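**Q** Data file upload-v7.cif (mmCIF, C-alpha atoms (C1' of nucleotides)) is appended below.
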data_model
loop_
_atom_site.label_atom_id
_atom_site.label_comp_id
_atom_site.auth_asym_id
_atom_site.auth_seq_id
_atom_site.Cartn_x
_atom_site.Cartn_y
_atom_site.Cartn_z
CA MET A 1 -20.60 -15.27 8.59
CA LYS A 2 -19.89 -17.20 11.72
CA ASP A 3 -19.16 -15.84 15.15
CA PRO A 4 -15.53 -15.88 16.29
CA LEU A 5 -15.98 -18.67 18.81
CA SER A 6 -17.55 -20.94 16.21
CA ARG A 7 -14.75 -20.19 13.81
CA THR A 8 -12.19 -21.03 16.45
CA PHE A 9 -13.77 -24.37 17.30
CA ALA A 10 -14.31 -25.21 13.65
CA ALA A 11 -10.66 -24.50 12.95
CA LEU A 12 -9.67 -26.84 15.76
CA ALA A 13 -11.90 -29.62 14.48
CA ASP A 14 -9.26 -31.03 12.17
CA PRO A 15 -6.19 -33.05 13.12
CA THR A 16 -4.05 -31.51 10.38
CA ARG A 17 -4.78 -28.02 11.60
CA ARG A 18 -4.23 -29.01 15.23
CA ALA A 19 -0.87 -30.47 14.28
CA MET A 20 0.01 -27.19 12.60
CA LEU A 21 -0.92 -25.26 15.72
CA ALA A 22 1.10 -27.66 17.83
CA ARG A 23 4.06 -27.07 15.59
CA LEU A 24 3.57 -23.32 15.81
CA SER A 25 3.36 -23.46 19.57
CA GLU A 26 7.06 -24.33 19.46
CA GLY A 27 7.84 -21.26 17.43
CA GLU A 28 7.50 -19.46 14.15
CA ALA A 29 7.47 -21.53 10.96
CA ASN A 30 7.10 -20.92 7.25
CA VAL A 31 4.29 -22.39 5.23
CA SER A 32 6.55 -25.04 3.75
CA ASP A 33 7.86 -25.98 7.19
CA LEU A 34 4.29 -26.46 8.33
CA ALA A 35 3.42 -28.35 5.18
CA GLU A 36 6.33 -30.76 5.30
CA PRO A 37 4.82 -33.47 7.55
CA PHE A 38 1.73 -33.71 5.37
CA LEU A 39 3.13 -33.59 1.87
CA THR A 40 3.21 -37.39 1.64
CA TYR A 41 -0.54 -37.53 1.55
CA MET A 42 -1.68 -33.98 0.84
CA SER A 43 -1.00 -31.32 -1.78
CA PRO A 44 0.56 -27.94 -0.97
CA SER A 45 -2.71 -26.31 -2.03
CA ALA A 46 -4.55 -28.20 0.66
CA VAL A 47 -2.04 -26.94 3.21
CA THR A 48 -2.58 -23.37 2.08
CA LYS A 49 -6.29 -23.83 2.58
CA HIS A 50 -5.87 -25.22 6.07
CA LEU A 51 -3.69 -22.29 6.99
CA LYS A 52 -6.32 -19.97 5.60
CA VAL A 53 -8.86 -21.47 7.94
CA LEU A 54 -6.54 -20.93 10.89
CA GLU A 55 -5.84 -17.40 9.74
CA ASN A 56 -9.54 -16.56 9.33
CA ALA A 57 -10.12 -17.83 12.85
CA GLY A 58 -7.41 -15.46 14.04
CA LEU A 59 -5.40 -18.35 15.42
CA ILE A 60 -2.34 -17.53 13.36
CA THR A 61 -0.92 -14.56 11.54
CA LYS A 62 1.36 -14.61 8.54
CA GLY A 63 4.29 -12.28 8.07
CA ARG A 64 6.40 -11.75 4.98
CA LYS A 65 10.07 -12.41 4.64
CA ALA A 66 11.12 -12.50 0.98
CA GLN A 67 9.11 -15.29 -0.63
CA TRP A 68 8.41 -16.92 2.72
CA ARG A 69 5.43 -16.40 4.95
CA PRO A 70 6.50 -16.89 8.55
CA CYS A 71 3.47 -17.91 10.58
CA HIS A 72 3.03 -17.51 14.27
CA LEU A 73 0.44 -18.51 16.78
CA ASN A 74 -2.00 -16.06 18.32
CA GLY A 75 -3.10 -17.26 21.74
CA GLU A 76 -6.06 -14.93 22.13
CA PRO A 77 -8.80 -16.99 20.40
CA LEU A 78 -7.60 -20.11 22.18
CA ARG A 79 -7.90 -18.32 25.48
CA GLU A 80 -11.46 -17.30 24.70
CA ALA A 81 -12.36 -20.83 23.70
CA VAL A 82 -10.88 -22.23 26.89
CA ASP A 83 -12.79 -19.62 28.86
CA TRP A 84 -16.05 -20.77 27.36
CA MET A 85 -15.30 -24.39 28.01
CA GLU A 86 -14.06 -23.97 31.55
CA GLN A 87 -17.20 -22.09 32.39
CA HIS A 88 -19.56 -24.79 31.26
CA ARG A 89 -17.47 -27.82 31.98
CA VAL A 90 -17.06 -26.75 35.56
CA ALA A 91 -20.73 -25.95 35.91
CA GLY A 92 -21.44 -29.40 34.54
CA GLU A 93 -19.13 -31.04 37.00
CA GLU A 94 -20.78 -29.34 39.95
CA GLN A 95 -24.10 -30.28 38.53
CA LEU A 96 -23.07 -33.90 38.32
CA ASP A 97 -22.08 -33.85 41.96
CA ARG A 98 -25.41 -32.81 43.31
CA LEU A 99 -27.66 -33.84 40.45
CA GLY A 100 -28.65 -37.19 41.91
CA ALA A 101 -29.71 -35.90 45.28
CA TYR A 102 -31.34 -32.81 43.87
CA LEU A 103 -33.49 -34.60 41.34
CA LYS A 104 -34.43 -37.31 43.74
CA SER A 105 -35.70 -34.83 46.33
CA LYS A 106 -37.15 -32.11 44.17
CA SER A 107 -39.29 -33.45 41.34
CA LYS A 108 -39.35 -35.59 38.23
CA GLY A 109 -41.38 -33.36 35.91
CA THR A 110 -40.48 -31.23 32.94
CA ARG A 111 -39.37 -28.19 34.76
CA ARG A 112 -39.31 -25.17 32.62
CA GLY A 113 -38.02 -21.67 33.04
CA HIS A 114 -34.46 -21.01 32.31
CA THR A 115 -32.05 -18.19 33.13
CA MET B 1 -14.79 -41.49 10.86
CA LYS B 2 -13.19 -38.66 12.76
CA ASP B 3 -11.10 -38.84 15.89
CA PRO B 4 -12.80 -37.98 19.19
CA LEU B 5 -11.06 -34.64 19.63
CA SER B 6 -12.10 -33.50 16.17
CA ARG B 7 -15.66 -34.56 16.85
CA THR B 8 -15.67 -32.63 20.10
CA PHE B 9 -14.41 -29.42 18.52
CA ALA B 10 -16.75 -29.82 15.55
CA ALA B 11 -19.67 -30.22 17.93
CA LEU B 12 -18.67 -27.02 19.71
CA ALA B 13 -18.39 -25.08 16.46
CA ASP B 14 -22.06 -24.11 16.44
CA PRO B 15 -23.79 -21.52 18.62
CA THR B 16 -27.00 -23.53 18.87
CA ARG B 17 -25.15 -26.55 20.19
CA ARG B 18 -23.10 -24.44 22.58
CA ALA B 19 -26.31 -22.91 23.93
CA MET B 20 -27.66 -26.41 24.48
CA LEU B 21 -24.55 -27.40 26.38
CA ALA B 22 -24.77 -24.23 28.44
CA ARG B 23 -28.34 -25.08 29.30
CA LEU B 24 -27.35 -28.62 30.23
CA SER B 25 -24.56 -27.36 32.43
CA GLU B 26 -27.32 -26.07 34.72
CA GLY B 27 -28.95 -29.43 34.93
CA GLU B 28 -30.73 -32.22 33.14
CA ALA B 29 -33.23 -31.27 30.45
CA ASN B 30 -35.52 -33.04 28.01
CA VAL B 31 -35.19 -32.61 24.29
CA SER B 32 -38.17 -30.26 24.16
CA ASP B 33 -36.77 -28.17 26.99
CA LEU B 34 -33.55 -27.83 25.04
CA ALA B 35 -35.44 -27.12 21.85
CA GLU B 36 -37.69 -24.43 23.28
CA PRO B 37 -35.40 -21.38 22.81
CA PHE B 38 -34.85 -22.24 19.15
CA LEU B 39 -38.29 -23.24 17.95
CA THR B 40 -39.04 -19.75 16.72
CA TYR B 41 -36.50 -20.15 13.95
CA MET B 42 -35.77 -23.84 13.77
CA SER B 43 -37.74 -27.04 13.41
CA PRO B 44 -37.75 -29.81 16.05
CA SER B 45 -36.02 -32.08 13.55
CA ALA B 46 -33.11 -29.69 13.34
CA VAL B 47 -32.85 -29.77 17.11
CA THR B 48 -32.79 -33.56 17.09
CA LYS B 49 -29.93 -33.42 14.62
CA HIS B 50 -27.94 -31.01 16.73
CA LEU B 51 -28.41 -33.22 19.74
CA LYS B 52 -27.26 -36.17 17.69
CA VAL B 53 -24.03 -34.35 16.94
CA LEU B 54 -23.50 -33.67 20.63
CA GLU B 55 -24.31 -37.27 21.46
CA ASN B 56 -21.94 -38.65 18.84
CA ALA B 57 -19.21 -36.47 20.28
CA GLY B 58 -19.93 -38.00 23.67
CA LEU B 59 -20.74 -34.58 25.11
CA ILE B 60 -24.21 -35.59 26.22
CA THR B 61 -26.10 -38.76 26.95
CA LYS B 62 -29.81 -39.33 26.64
CA GLY B 63 -31.86 -41.32 29.12
CA ARG B 64 -35.44 -42.48 28.80
CA LYS B 65 -38.33 -41.51 30.99
CA ALA B 66 -41.65 -42.38 29.38
CA GLN B 67 -41.78 -40.46 26.11
CA TRP B 68 -39.14 -38.01 27.27
CA ARG B 69 -35.43 -38.18 26.73
CA PRO B 70 -33.67 -36.51 29.62
CA CYS B 71 -30.25 -35.35 28.47
CA HIS B 72 -27.29 -34.65 30.63
CA LEU B 73 -23.85 -33.26 30.08
CA ASN B 74 -20.76 -35.43 30.04
CA GLY B 75 -17.74 -33.40 31.05
CA GLU B 76 -15.09 -35.86 29.92
CA PRO B 77 -14.69 -34.82 26.26
CA LEU B 78 -14.69 -31.17 27.28
CA ARG B 79 -11.91 -31.88 29.71
CA GLU B 80 -9.85 -33.54 27.01
CA ALA B 81 -10.42 -30.65 24.64
CA VAL B 82 -9.37 -28.15 27.29
CA ASP B 83 -6.30 -30.24 27.99
CA TRP B 84 -5.26 -30.07 24.37
CA MET B 85 -5.80 -26.33 24.23
CA GLU B 86 -4.09 -25.53 27.50
CA GLN B 87 -1.07 -27.43 26.35
CA HIS B 88 -0.65 -25.53 23.14
CA ARG B 89 -2.00 -22.21 24.23
CA VAL B 90 0.48 -22.08 27.06
CA ALA B 91 3.33 -23.01 24.79
CA GLY B 92 2.09 -20.30 22.47
CA GLU B 93 1.98 -17.78 25.29
CA GLU B 94 5.63 -18.35 26.05
CA GLN B 95 6.31 -17.74 22.43
CA LEU B 96 4.12 -14.67 22.57
CA ASP B 97 6.02 -13.45 25.59
CA ARG B 98 9.19 -13.49 23.57
CA LEU B 99 7.38 -12.01 20.62
CA GLY B 100 6.02 -9.18 22.69
CA ALA B 101 9.45 -8.22 23.91
CA TYR B 102 10.74 -8.49 20.39
CA LEU B 103 8.01 -6.30 18.97
CA LYS B 104 8.30 -3.78 21.74
CA SER B 105 11.99 -3.32 21.12
CA LYS B 106 11.78 -3.50 17.39
CA SER B 107 8.64 -1.55 16.43
CA LYS B 108 5.40 -0.29 17.89
CA GLY B 109 3.27 -2.78 15.95
CA THR B 110 -0.48 -2.72 15.37
CA ARG B 111 -1.20 -5.16 18.11
CA ARG B 112 -4.74 -5.09 19.37
CA GLY B 113 -5.08 -3.56 22.78
CA HIS B 114 -5.78 -6.41 25.11
CA THR B 115 -7.58 -5.52 28.31
"C1'" DT C 1 16.79 -11.17 -18.10
"C1'" DC C 2 15.82 -15.73 -17.08
"C1'" DG C 3 15.11 -19.45 -14.06
"C1'" DT C 4 13.59 -21.19 -9.78
"C1'" DA C 5 11.38 -21.52 -5.38
"C1'" DA C 6 7.48 -20.20 -2.03
"C1'" DA C 7 3.04 -19.30 -1.68
"C1'" DA C 8 -1.45 -18.08 -3.19
"C1'" DA C 9 -5.40 -18.07 -6.36
"C1'" DC C 10 -8.48 -20.33 -9.49
"C1'" DA C 11 -11.61 -23.73 -11.27
"C1'" DC C 12 -13.40 -27.85 -10.22
"C1'" DC C 13 -15.28 -32.01 -7.59
"C1'" DA C 14 -17.12 -35.24 -3.77
"C1'" DA C 15 -18.64 -35.52 0.71
"C1'" DA C 16 -20.31 -33.51 4.91
"C1'" DT C 17 -23.33 -30.09 7.26
"C1'" DG C 18 -27.50 -27.81 8.49
"C1'" DG C 19 -31.76 -27.05 7.33
"C1'" DT C 20 -36.67 -28.35 5.56
"C1'" DT C 21 -41.27 -31.23 5.50
"C1'" DA C 22 -43.60 -35.45 6.05
"C1'" DA C 23 -43.94 -39.94 8.06
"C1'" DT C 24 -42.99 -43.04 11.93
"C1'" DT C 25 -42.18 -44.85 16.54
"C1'" DA C 26 -43.01 -45.01 21.55
"C1'" DA C 27 -45.46 -44.11 25.58
"C1'" DC C 28 -49.05 -42.25 28.02
"C1'" DA C 29 -54.17 -40.95 28.75
"C1'" DT C 30 -59.11 -41.46 27.64
"C1'" DA D 1 -59.16 -48.75 20.65
"C1'" DT D 2 -58.09 -43.96 19.83
"C1'" DG D 3 -55.91 -39.88 20.30
"C1'" DT D 4 -52.00 -36.97 21.89
"C1'" DT D 5 -47.39 -35.82 22.91
"C1'" DA D 6 -42.22 -36.49 22.60
"C1'" DA D 7 -38.94 -37.60 19.74
"C1'" DT D 8 -36.79 -39.76 15.81
"C1'" DT D 9 -36.34 -41.12 10.97
"C1'" DA D 10 -36.43 -40.48 6.04
"C1'" DA D 11 -36.07 -38.06 1.82
"C1'" DC D 12 -34.65 -34.07 0.02
"C1'" DC D 13 -32.05 -29.59 -0.86
"C1'" DA D 14 -28.45 -25.73 -0.60
"C1'" DT D 15 -24.19 -24.47 1.20
"C1'" DT D 16 -19.77 -25.40 3.12
"C1'" DT D 17 -15.67 -28.11 3.50
"C1'" DG D 18 -11.59 -30.49 2.11
"C1'" DG D 19 -9.42 -32.11 -1.42
"C1'" DT D 20 -7.42 -32.03 -6.41
"C1'" DG D 21 -4.51 -30.01 -10.44
"C1'" DT D 22 -3.17 -25.89 -12.84
"C1'" DT D 23 -1.95 -21.18 -13.19
"C1'" DT D 24 -0.24 -16.69 -11.12
"C1'" DT D 25 2.21 -13.84 -8.19
"C1'" DT D 26 6.30 -12.55 -5.64
"C1'" DA D 27 10.97 -12.42 -4.64
"C1'" DC D 28 15.50 -14.18 -4.86
"C1'" DG D 29 19.85 -15.53 -7.60
"C1'" DA D 30 22.67 -16.61 -11.68
#
Show the structure stored in the file as structure tokens.
**A**
Amino acid sequence: MKDPLSRTFAALADPTRRAMLARLSEGEANVSDLAEPFLTYMSPSAVTKHLKVLENAGLITKGRKAQWRPCHLNGEPLREAVDWMEQHRVAGEEQLDRLGAYLKSKSKGTRRGHT
Amino acid sequence: MKDPLSRTFAALADPTRRAMLARLSEGEANVSDLAEPFLTYMSPSAVTKHLKVLENAGLITKGRKAQWRPCHLNGEPLREAVDWMEQHRVAGEEQLDRLGAYLKSKSKGTRRGHT
DNA sequence: TCGTAAAAACACCAAATGGTTAATTAACAT
DNA sequence: ATGTTAATTAACCATTTGGTGTTTTTACGA
């Protein structure tokens, strides 16, 4: 059982799934709509599995309309992922700004003691 | 061989590695500094492997100072990942805006209460 | 009722991931 | 030279992942 953030990032770590999300960001789409670009080199079963990963990560939800399963994007997990990244990327950027001067003046040892 | 964006997201899809990045966002740290919080339940070799993943994703770089390997964060891949997400999250939000209105008018839906 | 289409579920497989222990390299300190 | 510390490498193992083909389920339409 992975934590939600890990599941989100893991779901994003695949170009097929990212393409599906990109498609969904333009609006609702059925499974076969989402599958269509990939069917030249991938089976429908594989598509189902990819969608399952996205669903388990909470990135999409599937509805039901007759025999179709209209999927739509859920922005919430993406927002949380961005939040995490912004936090640490920005901190890193700041750090890069003053790192040189700081290290040069302060010390060169293995400083220990974290937050 | 995976594309850079996939490698970045895959690297982020692990709480240990995210903790390491968080630590590095506060400043340079040696491998053993980074390892320290995890050594109660993980071997040093495992830590090395995690760092390798981060390095291969271009998220960190390792220097050399005697027998130490000072690591520091590289913000660039994070920025690119955020860019991708912002793009599609925002598009998704628009879609969600419309969806929200739709759901509100249509039904009272089991949408999670967002703060 | 029968046929067909959309999607999922099942059983299987190869490769990647995340961990282990043990051995090795690299640099410093006696 | 020898020992010690930091870190990596190697060999191995279990689980997960991403794919396959086949079979079921679900709902429409003739």
**Q** Just want the 9 Å neighbourhood of Trp68 in chain B, counted on all atoms listed in the file, with same-chain residues fewer than 6 positions away dropped. Output as a tab-separated table (two decimals) with C-alpha atoms (C1' of nucleotides), keeping the file's coordinate frame.
**A**
chain	number	residue	atom	x	y	z
A	110	THR	CA	-40.48	-31.23	32.94
B	30	ASN	CA	-35.52	-33.04	28.01
B	31	VAL	CA	-35.19	-32.61	24.29
B	32	SER	CA	-38.17	-30.26	24.16
C	27	DA	C1'	-45.46	-44.11	25.58
D	6	DA	C1'	-42.22	-36.49	22.60
D	7	DA	C1'	-38.94	-37.60	19.74
**Q** For this file, the PyMOL selection byres ((chain A) within 8 of (chain D)) selects which residues, as a ChimeraX atom specification?
**A** /A:43,46,66-67
**Q** List as a tab-separated table every residue of chain B that is in contact with chain A, defined as an atom at most 6 Å from one of its atoms (using all atoms listed in the file), together with the nearest atom pair and the distance in Å rounded to one decimal, sorted by chain and then rising number.
**A**
residue	atom	partner	partner_atom	distance
B:Ser6	CA	A:Ala13	CA	4.2
B:Phe9	CA	A:Ala13	CA	4.8
B:Ala10	CA	A:Ala13	CA	5.0
B:Ala13	CA	A:Ser6	CA	4.2
B:Asp14	CA	A:Ser6	CA	5.5
B:Ala22	CA	A:His88	CA	6.0
B:Ser25	CA	A:Gly92	CA	4.3
B:Gly75	CA	A:Arg89	CA	5.7
B:His88	CA	A:Ser25	CA	5.8
B:Arg89	CA	A:Gly75	CA	5.6
B:Ala91	CA	A:Ser25	CA	5.2
B:Gly92	CA	A:Ser25	CA	4.5
**Q** What does the distance from CA of Cys71 in chain A to CA of Thr48 in chain A come to in Å, to one decimal?
**A** 11.8 Å
**Q** Run the PyMOL selection byres ((chain C) within 8 of (chain B)) against the file shown and list the residues it catches, as a JSON list (two decimals) with C-alpha atoms (C1' of nucleotides), keeping the file's coordinate frame.
**A**
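Dumped to expr-v3.json:
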[["chain", "number", "residue", "atom", "x", "y", "z"],
["C", 18, "DG", "C1'", -27.50, -27.81, 8.49],
["C", 19, "DG", "C1'", -31.76, -27.05, 7.33],
["C", 26, "DA", "C1'", -43.01, -45.01, 21.55],
["C", 27, "DA", "C1'", -45.46, -44.11, 25.58],
["C", 28, "DC", "C1'", -49.05, -42.25, 28.02]]
**Q** Please indicate the distance in Å from C1' of DA16 in chain C to CA of Ala35 in chain B, rounded to one decimal place.
**A**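 One can read the C1' of DA16 in chain C to CA of Ala35 in chain B distance as 23.6 Å.
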**Q** For CA of Arg69 in chain B and CA of Thr16 in chain B, quote the distance in Å rounded to one decimal.
**A**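 That distance, rounded to one decimal, is 18.6 Å.
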